[in-house]
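Here is the file upload_29.cif (mmCIF, C-alpha atoms).
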data_protein
loop_
_atom_site.label_atom_id
_atom_site.label_comp_id
_atom_site.auth_asym_id
_atom_site.auth_seq_id
_atom_site.Cartn_x
_atom_site.Cartn_y
_atom_site.Cartn_z
CA MET A 30 74.90 24.77 -44.18
CA SER A 31 73.48 22.73 -41.29
CA ALA A 32 70.94 24.20 -38.88
CA ALA A 33 73.52 24.06 -36.11
CA SER A 34 76.07 25.95 -38.22
CA GLU A 35 73.50 28.57 -39.17
CA ASN A 36 72.57 29.06 -35.53
CA ASP A 37 76.22 29.60 -34.60
CA LEU A 38 76.32 32.63 -36.91
CA LEU A 39 73.26 34.35 -35.45
CA PRO A 40 73.30 36.76 -32.50
CA ARG A 41 71.89 35.24 -29.31
CA GLU A 42 69.56 36.92 -26.88
CA TYR A 43 68.95 35.22 -23.54
CA ILE A 44 65.48 35.67 -22.10
CA ALA A 45 65.45 36.06 -18.33
CA SER A 46 62.69 34.53 -16.23
CA GLY A 47 59.62 36.70 -15.94
CA SER A 48 60.10 38.27 -19.37
CA TYR A 49 59.54 37.73 -23.09
CA ARG A 50 60.98 38.94 -26.38
CA LEU A 51 59.29 39.33 -29.74
CA SER A 52 61.02 38.97 -33.09
CA ASP A 53 62.18 41.98 -35.06
CA ARG A 54 63.58 42.39 -38.56
CA THR A 55 66.99 40.99 -37.60
CA PRO A 56 67.11 37.18 -37.43
CA ARG A 57 68.45 36.04 -34.08
CA LEU A 58 68.34 33.19 -31.63
CA LEU A 59 66.08 33.72 -28.66
CA VAL A 60 67.23 31.41 -25.85
CA ALA A 61 65.67 30.56 -22.48
CA LEU A 62 67.83 28.56 -20.05
CA LEU A 63 65.34 26.49 -18.12
CA GLY A 64 65.53 24.54 -14.89
CA THR A 65 62.25 24.37 -13.00
CA CYS A 66 61.09 27.33 -15.13
CA VAL A 67 59.06 26.79 -18.31
CA GLY A 68 59.73 28.35 -21.70
CA VAL A 69 57.02 28.89 -24.34
CA ALA A 70 57.95 29.76 -27.93
CA ILE A 71 55.01 30.89 -30.09
CA PHE A 72 55.18 32.00 -33.73
CA ASP A 73 53.21 32.77 -36.89
CA ARG A 74 55.40 31.64 -39.78
CA GLU A 75 53.32 33.38 -42.42
CA ALA A 76 53.41 36.78 -40.71
CA ARG A 77 57.01 36.16 -39.58
CA ILE A 78 56.12 37.14 -36.05
CA GLY A 79 57.00 35.18 -32.94
CA GLY A 80 58.70 35.26 -29.60
CA LEU A 81 59.80 33.46 -26.49
CA LEU A 82 58.36 33.68 -22.96
CA HIS A 83 60.20 32.52 -19.81
CA LEU A 84 57.78 31.63 -16.99
CA LEU A 85 58.70 31.21 -13.34
CA LEU A 86 55.58 29.92 -11.54
CA PRO A 87 52.10 28.59 -12.41
CA GLU A 88 50.14 31.37 -10.66
CA PRO A 89 50.60 34.25 -8.20
CA PRO A 90 51.17 33.11 -4.59
CA GLY A 91 47.92 32.93 -2.67
CA GLY A 92 45.88 33.44 -5.82
CA GLY A 93 46.05 37.22 -5.46
CA ASN A 94 46.85 39.90 -8.00
CA ALA A 95 50.21 39.56 -9.73
CA TRP A 96 52.62 42.42 -9.12
CA GLN A 97 55.02 40.84 -11.62
CA PRO A 98 52.50 39.30 -14.06
CA LEU A 99 55.09 37.93 -16.50
CA ASN A 100 56.36 35.59 -13.78
CA TYR A 101 53.24 33.41 -13.94
CA ALA A 102 51.61 31.23 -16.56
CA THR A 103 48.11 32.43 -15.61
CA THR A 104 48.93 36.09 -16.25
CA GLY A 105 52.13 36.12 -18.31
CA LEU A 106 51.00 33.87 -21.14
CA PRO A 107 47.84 35.93 -21.92
CA LEU A 108 49.98 39.09 -21.99
CA PHE A 109 52.43 37.39 -24.33
CA LEU A 110 49.62 36.31 -26.65
CA ASP A 111 48.21 39.84 -26.69
CA ALA A 112 51.63 41.23 -27.62
CA LEU A 113 51.92 38.76 -30.52
CA LYS A 114 48.48 39.72 -31.82
CA LYS A 115 49.24 43.44 -31.58
CA ALA A 116 52.42 42.82 -33.57
CA GLY A 117 50.34 41.29 -36.39
CA ALA A 118 50.19 37.57 -35.63
CA ARG A 119 46.94 35.71 -36.29
CA THR A 120 45.71 33.39 -33.55
CA GLU A 121 44.62 30.69 -36.00
CA ARG A 122 48.16 30.52 -37.45
CA LEU A 123 50.05 30.40 -34.17
CA THR A 124 51.96 27.30 -33.11
CA ALA A 125 53.74 26.72 -29.82
CA VAL A 126 56.70 24.83 -28.36
CA ILE A 127 57.09 24.21 -24.61
CA GLY A 128 60.22 23.18 -22.72
CA GLY A 129 61.60 23.06 -19.17
CA GLY A 130 59.81 22.26 -15.92
CA ALA A 131 62.53 19.92 -14.70
CA LEU A 132 62.95 18.11 -11.42
CA TYR A 133 66.50 17.58 -10.23
CA ALA A 134 67.78 14.21 -9.09
CA PRO A 135 67.93 12.96 -6.43
CA ILE A 136 64.17 13.59 -6.40
CA SER A 137 62.55 13.76 -2.99
CA ARG A 138 58.92 13.41 -2.01
CA GLN A 139 58.84 17.15 -1.36
CA ASP A 140 60.02 17.90 -4.91
CA LEU A 141 57.19 15.81 -6.31
CA GLU A 142 54.61 17.49 -4.07
CA LEU A 143 55.74 21.01 -5.00
CA ASP A 144 56.12 20.13 -8.72
CA ILE A 145 56.39 23.79 -9.65
CA GLY A 146 57.58 23.07 -13.18
CA GLY A 147 54.91 20.46 -13.82
CA ARG A 148 52.11 22.73 -12.66
CA THR A 149 53.46 25.65 -14.71
CA THR A 150 53.51 23.40 -17.79
CA GLU A 151 49.93 22.26 -17.19
CA VAL A 152 48.63 25.83 -16.81
CA ALA A 153 50.44 26.98 -19.95
CA ALA A 154 49.15 24.03 -21.98
CA THR A 155 45.58 24.68 -20.78
CA ILE A 156 45.72 28.33 -21.82
CA LEU A 157 47.12 27.43 -25.24
CA LYS A 158 44.39 24.85 -25.73
CA LYS A 159 41.66 27.37 -24.81
CA ASN A 160 43.07 29.70 -27.47
CA ASN A 161 43.16 26.86 -30.05
CA ILE A 162 46.94 27.13 -30.38
CA SER A 163 48.52 23.80 -31.21
CA ILE A 164 51.62 22.63 -29.34
CA VAL A 165 53.86 21.16 -32.04
CA LYS A 166 56.67 20.16 -29.66
CA ALA A 167 56.90 19.71 -25.91
CA GLU A 168 59.82 18.38 -23.88
CA THR A 169 59.18 18.99 -20.21
CA GLY A 170 59.94 17.40 -16.87
CA GLY A 171 62.85 15.05 -16.48
CA CYS A 172 65.86 15.60 -14.24
CA CYS A 173 67.98 17.99 -16.27
CA GLY A 174 67.78 21.65 -17.22
CA ALA A 175 67.21 22.51 -20.87
CA ALA A 176 67.79 25.33 -23.32
CA LEU A 177 64.80 26.30 -25.49
CA THR A 178 65.96 28.11 -28.63
CA LEU A 179 63.85 29.90 -31.25
CA ASN A 180 65.46 30.95 -34.55
CA THR A 181 63.50 34.02 -35.65
CA GLY A 182 64.82 33.68 -39.19
CA SER A 183 63.79 30.10 -39.91
CA TRP A 184 61.29 29.63 -37.02
CA GLU A 185 63.01 26.40 -36.09
CA THR A 186 63.15 25.47 -32.43
CA GLU A 187 65.50 23.30 -30.38
CA ILE A 188 65.23 21.90 -26.87
CA THR A 189 68.62 20.64 -25.72
CA PRO A 190 69.93 19.47 -22.34
CA ILE A 191 72.15 21.99 -20.59
CA ILE A 192 74.19 19.18 -19.06
CA GLN A 193 74.84 16.09 -21.16
CA PRO A 194 73.65 12.71 -19.81
CA PRO A 195 76.01 10.78 -17.57
CA GLY A 196 78.61 8.55 -19.15
CA ARG A 197 81.45 6.39 -17.93
CA ILE A 198 84.93 7.84 -17.46
CA PRO A 199 87.56 5.93 -19.47
CA PRO A 200 89.84 3.78 -17.27
CA GLY A 201 92.92 5.63 -16.07
CA GLU A 202 91.56 9.09 -16.94
CA PHE A 203 90.64 10.11 -13.44
CA HIS A 204 93.42 10.80 -10.94
CA PRO A 205 92.19 12.35 -7.69
CA PRO A 206 94.48 15.14 -6.41
CA ASP A 207 96.41 14.39 -3.24
CA ASP A 208 96.85 16.76 -0.28
CA ARG A 209 99.96 18.35 -1.80
CA GLU A 210 98.14 19.10 -5.07
CA LEU A 211 95.20 20.60 -3.20
CA ASP A 212 97.54 22.80 -1.15
CA GLU A 213 99.19 23.97 -4.36
CA ALA A 214 95.78 24.66 -5.90
CA ILE A 215 94.82 26.80 -2.90
CA ALA A 216 98.14 28.66 -3.14
CA ARG A 217 97.54 29.41 -6.85
CA VAL A 218 94.23 31.11 -6.18
CA SER A 219 94.55 34.88 -6.24
CA PRO A 220 93.55 36.19 -2.83
CA ILE A 221 90.28 38.03 -2.45
CA PRO A 222 90.98 41.79 -2.65
CA GLN A 223 91.79 43.38 0.70
CA ILE A 224 89.07 45.99 0.21
CA ALA A 225 86.49 43.17 0.24
CA LEU A 226 87.90 41.66 3.42
CA ARG A 227 87.95 45.05 5.12
CA ILE A 228 84.32 45.73 4.23
CA ILE A 229 83.24 42.28 5.43
CA ARG A 230 84.79 43.02 8.80
CA LEU A 231 83.27 46.49 8.94
CA ILE A 232 79.81 45.09 8.20
CA ARG A 233 80.27 42.60 11.01
CA LYS A 234 81.19 45.35 13.49
CA GLY A 235 78.41 47.66 12.34
CA ASP A 236 80.65 50.68 12.91
CA TYR A 237 81.94 52.09 9.64
CA SER A 238 81.95 54.98 7.22
CA VAL A 239 82.06 54.60 3.46
CA LYS A 240 83.96 57.89 3.26
CA GLU A 241 86.92 56.16 4.88
CA LEU A 242 86.97 53.58 2.09
CA GLU A 243 86.49 55.88 -0.90
CA PRO A 244 90.22 56.51 -1.57
CA GLU A 245 90.89 52.76 -1.56
CA ILE A 246 88.06 52.09 -4.00
CA TRP A 247 89.23 54.63 -6.56
CA ILE A 248 92.84 53.40 -6.41
CA ASP A 249 91.63 50.17 -8.03
CA GLN A 250 90.13 51.47 -11.27
CA VAL A 251 88.76 48.04 -12.25
CA ILE A 252 86.80 47.68 -9.01
CA ALA A 253 85.66 51.32 -9.21
CA ALA A 254 84.27 50.77 -12.72
CA ARG A 255 82.50 47.59 -11.63
CA VAL A 256 80.98 49.34 -8.63
CA LEU A 257 79.48 52.05 -10.85
CA ARG A 258 78.25 49.44 -13.35
CA LEU A 259 76.46 47.58 -10.57
CA CYS A 260 75.10 50.84 -9.16
CA ASN A 261 73.43 51.50 -12.50
CA SER A 262 72.16 47.94 -13.00
CA VAL A 263 68.85 46.26 -12.29
CA LEU A 264 70.24 45.32 -8.87
CA VAL A 265 69.71 48.91 -7.80
CA SER A 266 66.28 50.52 -7.75
CA SER A 267 67.54 54.09 -8.30
CA ARG A 268 66.12 55.80 -11.38
CA GLN A 269 68.97 58.32 -11.44
CA GLN A 270 72.34 57.88 -13.11
CA ILE A 271 75.08 57.22 -10.55
CA ASP A 272 78.49 58.46 -11.65
CA SER A 273 80.45 58.68 -8.39
CA ILE A 274 80.82 56.99 -5.02
CA ASP A 275 79.59 60.19 -3.36
CA ARG A 276 76.38 60.10 -5.41
CA ALA A 277 75.95 56.39 -4.78
CA LEU A 278 76.23 56.98 -1.05
CA VAL A 279 73.50 59.62 -1.14
CA LEU A 280 71.10 57.62 -3.32
CA LEU A 281 71.70 54.10 -2.00
CA GLY A 282 72.93 54.41 1.57
CA GLU A 283 75.96 52.82 3.17
CA ASN A 284 74.70 49.23 3.49
CA GLN A 285 73.75 48.75 -0.15
CA LEU A 286 76.87 50.54 -1.40
CA LEU A 287 79.11 48.32 0.71
CA GLU A 288 77.36 45.22 -0.70
CA LEU A 289 78.04 46.43 -4.23
CA ILE A 290 81.71 47.13 -3.48
CA VAL A 291 82.17 43.60 -2.08
CA THR A 292 80.34 42.19 -5.12
CA ALA A 293 82.61 44.08 -7.53
CA ALA A 294 85.73 42.92 -5.69
CA VAL A 295 84.66 39.26 -5.56
CA GLU A 296 83.94 39.18 -9.31
CA THR A 297 87.68 39.09 -10.03
CA PHE A 298 88.15 36.16 -7.66
CA TYR A 299 85.39 34.02 -9.18
CA GLN A 300 86.37 34.58 -12.81
CA GLN A 301 89.84 33.09 -12.63
CA HIS A 302 88.92 29.91 -14.49
CA GLU A 303 86.49 28.66 -17.09
CA GLY A 304 85.15 25.12 -17.43
CA GLY A 305 84.69 22.64 -14.62
CA TYR A 306 81.70 23.80 -12.58
CA ALA A 307 80.82 26.77 -14.77
CA LEU A 308 78.51 26.23 -17.74
CA MET A 309 79.22 29.69 -19.15
CA ARG A 310 81.84 32.40 -18.84
CA GLY A 311 81.61 33.84 -15.35
CA GLY A 312 79.19 31.12 -14.32
CA LEU A 313 80.47 30.76 -10.75
CA TYR A 314 80.22 34.51 -10.20
CA ARG A 315 76.73 34.76 -11.64
CA HIS A 316 75.50 31.84 -9.57
CA SER A 317 76.98 33.37 -6.42
CA LEU A 318 75.40 36.75 -7.16
CA TYR A 319 71.97 35.10 -7.52
CA VAL A 320 72.48 33.24 -4.24
CA ALA A 321 73.62 36.45 -2.51
CA ASN A 322 70.47 38.31 -3.54
CA ALA A 323 68.22 35.40 -2.63
CA SER A 324 69.96 35.04 0.76
CA LYS A 325 69.39 38.71 1.52
CA ILE A 326 65.68 38.48 0.70
CA ILE A 327 65.19 35.28 2.70
CA ALA A 328 67.05 36.77 5.67
CA ASP A 329 64.88 39.88 5.55
CA ARG A 330 61.76 37.72 5.54
CA VAL A 331 62.91 35.42 8.35
CA GLY A 332 64.27 38.24 10.51
CA ARG A 333 66.92 36.24 12.35
CA VAL A 334 70.06 37.23 10.42
CA ALA A 335 71.19 40.65 9.23
CA PRO A 336 70.42 40.82 5.49
CA GLU A 337 73.86 42.27 4.66
CA THR A 338 75.53 39.33 6.41
CA ALA A 339 73.33 36.88 4.49
CA TYR A 340 74.19 38.65 1.23
CA THR A 341 77.92 38.31 1.89
CA ALA A 342 77.57 34.66 2.91
CA GLY A 343 75.67 33.90 -0.29
CA LEU A 344 78.29 35.69 -2.34
CA LEU A 345 81.12 33.63 -0.81
CA HIS A 346 79.42 30.25 -0.31
CA ASP A 347 81.09 28.55 -3.31
CA ILE A 348 84.64 29.90 -2.97
CA GLY A 349 85.89 26.32 -2.62
CA LYS A 350 84.83 25.62 -6.21
CA VAL A 351 87.40 28.12 -7.46
CA VAL A 352 90.11 25.91 -5.99
CA LEU A 353 88.69 22.62 -7.27
CA ASP A 354 88.07 24.14 -10.70
CA GLN A 355 91.81 24.24 -11.27
CA TYR A 356 91.74 20.46 -11.20
CA PHE A 357 88.40 19.59 -12.75
CA ALA A 358 88.48 22.14 -15.55
CA ARG A 359 91.61 20.64 -17.11
CA SER A 360 91.41 16.96 -16.18
CA LEU A 361 87.80 15.99 -15.68
CA PRO A 362 85.19 18.73 -16.16
CA LEU A 363 82.32 16.26 -15.80
CA PHE A 364 83.76 14.28 -12.92
CA TYR A 365 80.33 13.48 -11.51
CA ARG A 366 79.24 11.49 -14.58
CA SER A 367 80.47 8.18 -13.16
CA TYR A 368 78.55 8.55 -9.94
CA PRO A 369 74.86 7.69 -9.49
CA LEU A 370 72.81 10.80 -8.79
CA GLN A 371 71.02 8.87 -6.06
CA ASN A 372 74.20 9.09 -3.98
CA GLY A 373 73.32 12.59 -2.87
CA ASP A 374 74.33 16.10 -3.77
CA PHE A 375 77.46 17.63 -5.26
CA SER A 376 79.37 17.65 -1.99
CA THR A 377 78.77 13.89 -1.64
CA LEU A 378 79.99 13.24 -5.18
CA GLU A 379 83.08 15.38 -4.62
CA ARG A 380 84.00 13.48 -1.48
CA GLU A 381 83.54 10.16 -3.24
CA ALA A 382 85.63 11.32 -6.19
CA ILE A 383 88.51 13.12 -4.46
CA GLY A 384 88.05 12.69 -0.72
CA ILE A 385 87.11 16.33 -0.03
CA ASP A 386 84.33 18.71 -1.10
CA HIS A 387 84.10 22.38 -2.02
CA GLN A 388 82.60 23.21 1.38
CA GLN A 389 85.70 21.93 3.19
CA ILE A 390 88.04 23.66 0.76
CA GLY A 391 86.01 26.86 1.15
CA LYS A 392 86.37 26.67 4.93
CA ARG A 393 90.15 26.45 4.53
CA LEU A 394 90.10 29.60 2.43
CA ALA A 395 87.80 31.32 4.93
CA ASP A 396 90.23 30.50 7.75
CA GLN A 397 93.18 31.64 5.64
CA TRP A 398 91.48 35.00 5.02
CA ASN A 399 90.39 35.26 8.67
CA LEU A 400 86.73 35.63 7.73
CA PRO A 401 84.20 35.92 10.58
CA ARG A 402 83.03 32.58 11.95
CA THR A 403 79.47 33.31 10.83
CA LEU A 404 80.57 33.33 7.18
CA ALA A 405 82.99 30.43 7.60
CA GLU A 406 80.20 28.18 8.94
CA ALA A 407 77.83 29.13 6.10
CA ILE A 408 80.56 28.29 3.58
CA ARG A 409 81.37 25.00 5.32
CA PHE A 410 77.79 23.76 5.84
CA HIS A 411 75.61 25.30 3.10
CA HIS A 412 74.72 21.84 1.71
CA TYR A 413 74.00 20.31 5.13
CA PRO A 414 73.10 23.32 7.29
CA GLU A 415 71.90 21.30 10.28
CA GLU A 416 75.56 20.39 10.88
CA ALA A 417 76.52 24.02 11.61
CA GLU A 418 77.50 24.53 15.23
CA LYS A 419 76.58 28.11 16.17
CA HIS A 420 75.17 29.86 13.10
CA ARG A 421 72.57 27.43 11.80
CA ASP A 422 70.09 30.07 10.70
CA LEU A 423 72.60 31.65 8.32
CA ALA A 424 73.68 28.25 6.97
CA HIS A 425 70.01 27.34 6.38
CA ILE A 426 69.36 30.65 4.62
CA VAL A 427 72.26 30.10 2.22
CA TYR A 428 71.16 26.49 1.66
CA LEU A 429 67.66 27.62 0.69
CA ALA A 430 68.96 30.43 -1.53
CA ASP A 431 71.33 27.98 -3.24
CA LEU A 432 68.51 25.47 -3.75
CA LEU A 433 66.10 28.01 -5.25
CA THR A 434 68.83 29.33 -7.54
CA SER A 435 69.53 25.80 -8.78
CA TRP A 436 65.81 25.45 -9.56
CA PHE A 437 65.24 28.75 -11.34
CA VAL A 438 68.60 29.76 -12.83
CA ALA A 439 69.78 27.12 -15.28
CA GLY A 440 72.81 27.21 -17.55
CA VAL A 441 75.10 29.08 -15.16
CA GLU A 442 76.93 26.43 -13.15
CA ARG A 443 76.54 22.75 -12.33
CA GLU A 444 74.74 22.22 -9.07
CA LEU A 445 73.06 19.33 -7.29
CA ILE A 446 71.42 19.88 -3.90
CA ASN A 447 69.75 17.32 -1.65
CA THR A 448 66.12 18.10 -0.75
CA HIS A 449 65.18 15.00 1.27
CA THR A 450 65.01 17.04 4.49
CA LEU A 451 63.73 20.25 2.92
CA VAL A 452 60.68 20.44 5.22
CA GLU A 453 62.86 20.19 8.33
CA ARG A 454 65.31 22.75 6.97
CA LEU A 455 62.51 25.17 6.21
CA ALA A 456 61.15 24.64 9.73
CA GLN A 457 64.52 25.74 11.15
CA LEU A 458 63.78 29.14 9.59
CA GLY A 459 60.13 29.14 10.65
CA LEU A 460 58.99 28.51 7.06
CA THR A 461 56.79 25.92 5.33
CA PRO A 462 56.76 24.67 1.71
CA ALA A 463 53.53 26.62 1.15
CA GLN A 464 55.49 29.86 1.68
CA LEU A 465 58.09 29.10 -0.98
CA PRO A 466 56.19 30.60 -3.96
CA ALA A 467 55.91 33.97 -2.21
CA ILE A 468 59.66 33.93 -1.49
CA ILE A 469 60.48 32.87 -5.05
CA ASP A 470 58.33 35.69 -6.34
CA THR A 471 60.36 38.39 -4.56
CA ILE A 472 63.83 37.30 -5.73
CA PRO A 473 65.25 39.27 -8.73
CA TRP A 474 65.84 36.36 -11.11
CA GLN A 475 66.21 38.79 -14.04
CA ILE A 476 69.70 39.96 -13.02
CA GLN A 477 71.46 37.72 -15.56
CA GLU A 478 70.51 40.20 -18.28
CA TYR A 479 72.64 42.88 -16.73
CA LEU A 480 75.88 41.07 -15.88
#

Translate this file's structure into structure tokens.
Amino acid sequence: MSAASENDLLPREYIASGSYRLSDRTPRLLVALLGTCVGVAIFDREARIGGLLHLLLPEPPGGGNAWQPLNYATTGLPLFLDALKKAGARTERLTAVIGGGALYAPISRQDLELDIGGRTTEVAATILKKNNISIVKAETGGCCGAALTLNTGSWETEITPIIQPPGRIPPGEFHPPDDRELDEAIARVSPIPQIALRIIRLIRKGDYSVKELEPEIWIDQVIAARVLRLCNSVLVSSRQQIDSIDRALVLLGENQLLELIVTAAVETFYQQHEGGYALMRGGLYRHSLYVANASKIIADRVGRVAPETAYTAGLLHDIGKVVLDQYFARSLPLFYRSYPLQNGDFSTLEREAIGIDHQQIGKRLADQWNLPRTLAEAIRFHHYPEEAEKHRDLAHIVYLADLLTSWFVAGVERELINTHTLVERLAQLGLTPAQLPAIIDTIPWQIQEYL
């Protein structure tokens, strides 16, 4: 049996950023999906002890104490090594494999100056060298995310690209959809649940009561179950079990509960198709949930946009991809392969390929659903936020949240975001590149474990 076939038979465990897993008696595949993040697999073959660590940043922002020490190479890697030793591994027998730390094309000067992945790799390698641990394999940098896999049965490792290298599309294979086909694709999309639209409008008005919505929530048993699942997930800080909307209201408050209800309702909308943009089942939804949480945190830090509005905008920013997925998933899942990455970001490639992008399609859906203009502009301009007319701060917040998610959450969906004017876009929010690590540090990147 080939190594690939053997791996297909083993259970997989995905290691979220800012965490590690050690081997146990059951052979399994430990997998870290890496963009800018860095993965470090370390093992002692003789003792049959090893594990995988998923690092986010090189060191704590500002050089201070780490409140999430596993996020950083300077603090997380020593803790990981201590855990391996306590489990019975011997330092002199340990070997290591490092992967990740990518830059994403088109690479800007700002990307090279930040070089978060490169600096994380350097710190990790320095610590391993000080501990006399040899690095037997290292594939870092480049312009593509990677999956680092450790087989805890054979102790074999693999570093594979998440997205395959570009290739030419065979002549005659690509047929851009015309306006009629796009209209039909929009019509085929199941509408967003009315409960979500009602909550979005209530949040905008600021005058609402969750008690008024409770009967509607429980009528839809699927949404009700998803709401309770989210209430009891890592997204919520409550230490108490939440088993009813009444209890959720008491423990969480109206704002957070309404966010979770919208999130549960939107999940159905995003999971209508597989393939195309998504790199995994539910990839569009997961990506949007990451962006929603990042948007909320950035908005809270900037102070110019209500965090609940930013959360909703982040959750809905890619609704246009659900429409285009109907075309790309069946006819050309990797449509962008024929286009040079230097041309720009995904929206540029979409326009070159089919004459329209997911932002424009998303705006059509937003208008069809009568979404508030604030959200419609964020959906329409989240790749080029300076083009927004009245709600530039919100568009810039969603842009930044989308960018950071593309850096630190690999293997969920295909994304390509232009960073050539990142400094100017940060300035619109009163931010500088030096403040990015502190923002990155406060975003809950671990949520993929709980979806």

List every protein, DNA or RNA residue that has an atom no more than 12 Å from (60.1, 30.2, 0.1) in the file's coordinate frame, counting all atoms listed in the file, and report them as a ChimeraX atom specification. /A:90,143,323-324,326-328,330-331,426,428-434,451-452,454-456,458-472

Between atom CA of A:Pro222 and atom CA of A:Pro401, distance in Å (one decimal): 16.0 Å

Could you check the closest approach to A:Arg50 for each of A:Ile164, A:Ile383, A:Val67, A:Leu81 and tell me which residue wins, using only C-alpha atoms?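 Of A:Ile164, A:Ile383, A:Val67, A:Leu81, the one nearest A:Arg50 is A:Leu81, counting only C-alpha atoms.
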
For A:Thr403, work out the shell of residues within 12 Å, counting only C-alpha atoms and skipping chain neighbours fewer than 4 positions away, then give it as an mmCIF file with C-alpha atoms, in the frame of the given file.
data_model
loop_
_atom_site.group_PDB
_atom_site.id
_atom_site.type_symbol
_atom_site.label_atom_id
_atom_site.label_comp_id
_atom_site.auth_asym_id
_atom_site.auth_seq_id
_atom_site.Cartn_x
_atom_site.Cartn_y
_atom_site.Cartn_z
ATOM 1 C CA ILE A 229 83.240 42.280 5.430
ATOM 2 C CA ARG A 230 84.790 43.020 8.800
ATOM 3 C CA ARG A 233 80.270 42.600 11.010
ATOM 4 C CA VAL A 334 70.060 37.230 10.420
ATOM 5 C CA ALA A 335 71.190 40.650 9.230
ATOM 6 C CA THR A 338 75.530 39.330 6.410
ATOM 7 C CA ALA A 339 73.330 36.880 4.490
ATOM 8 C CA THR A 341 77.920 38.310 1.890
ATOM 9 C CA ALA A 342 77.570 34.660 2.910
ATOM 10 C CA GLY A 343 75.670 33.900 -0.290
ATOM 11 C CA LEU A 345 81.120 33.630 -0.810
ATOM 12 C CA HIS A 346 79.420 30.250 -0.310
ATOM 13 C CA LYS A 392 86.370 26.670 4.930
ATOM 14 C CA ALA A 395 87.800 31.320 4.930
ATOM 15 C CA ASP A 396 90.230 30.500 7.750
ATOM 16 C CA ASN A 399 90.390 35.260 8.670
ATOM 17 C CA ALA A 407 77.830 29.130 6.100
ATOM 18 C CA ILE A 408 80.560 28.290 3.580
ATOM 19 C CA ARG A 409 81.370 25.000 5.320
ATOM 20 C CA PHE A 410 77.790 23.760 5.840
ATOM 21 C CA HIS A 411 75.610 25.300 3.100
ATOM 22 C CA ALA A 417 76.520 24.020 11.610
ATOM 23 C CA GLU A 418 77.500 24.530 15.230
ATOM 24 C CA LYS A 419 76.580 28.110 16.170
ATOM 25 C CA HIS A 420 75.170 29.860 13.100
ATOM 26 C CA ARG A 421 72.570 27.430 11.800
ATOM 27 C CA ASP A 422 70.090 30.070 10.700
ATOM 28 C CA LEU A 423 72.600 31.650 8.320
ATOM 29 C CA ALA A 424 73.680 28.250 6.970
ATOM 30 C CA VAL A 427 72.260 30.100 2.220
#

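Counting from atom CA of A:Thr292, the distance to atom CA of A:Pro40 is 28.8 Å.
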
Coordinates-based distance that separates atom CA of A:Ser435 from atom CA of A:Glu185 (Å, one decimal): 28.1 Å

Do you know which residues are at most 12 Å from A:Gly47 counting all atoms listed in the file, after dropping those on the same chain fewer than 6 positions away, and could you put them as a ChimeraX atom specification? /A:61,63,66-69,81-87,95-102,104-106,108-109,437-438,469-478
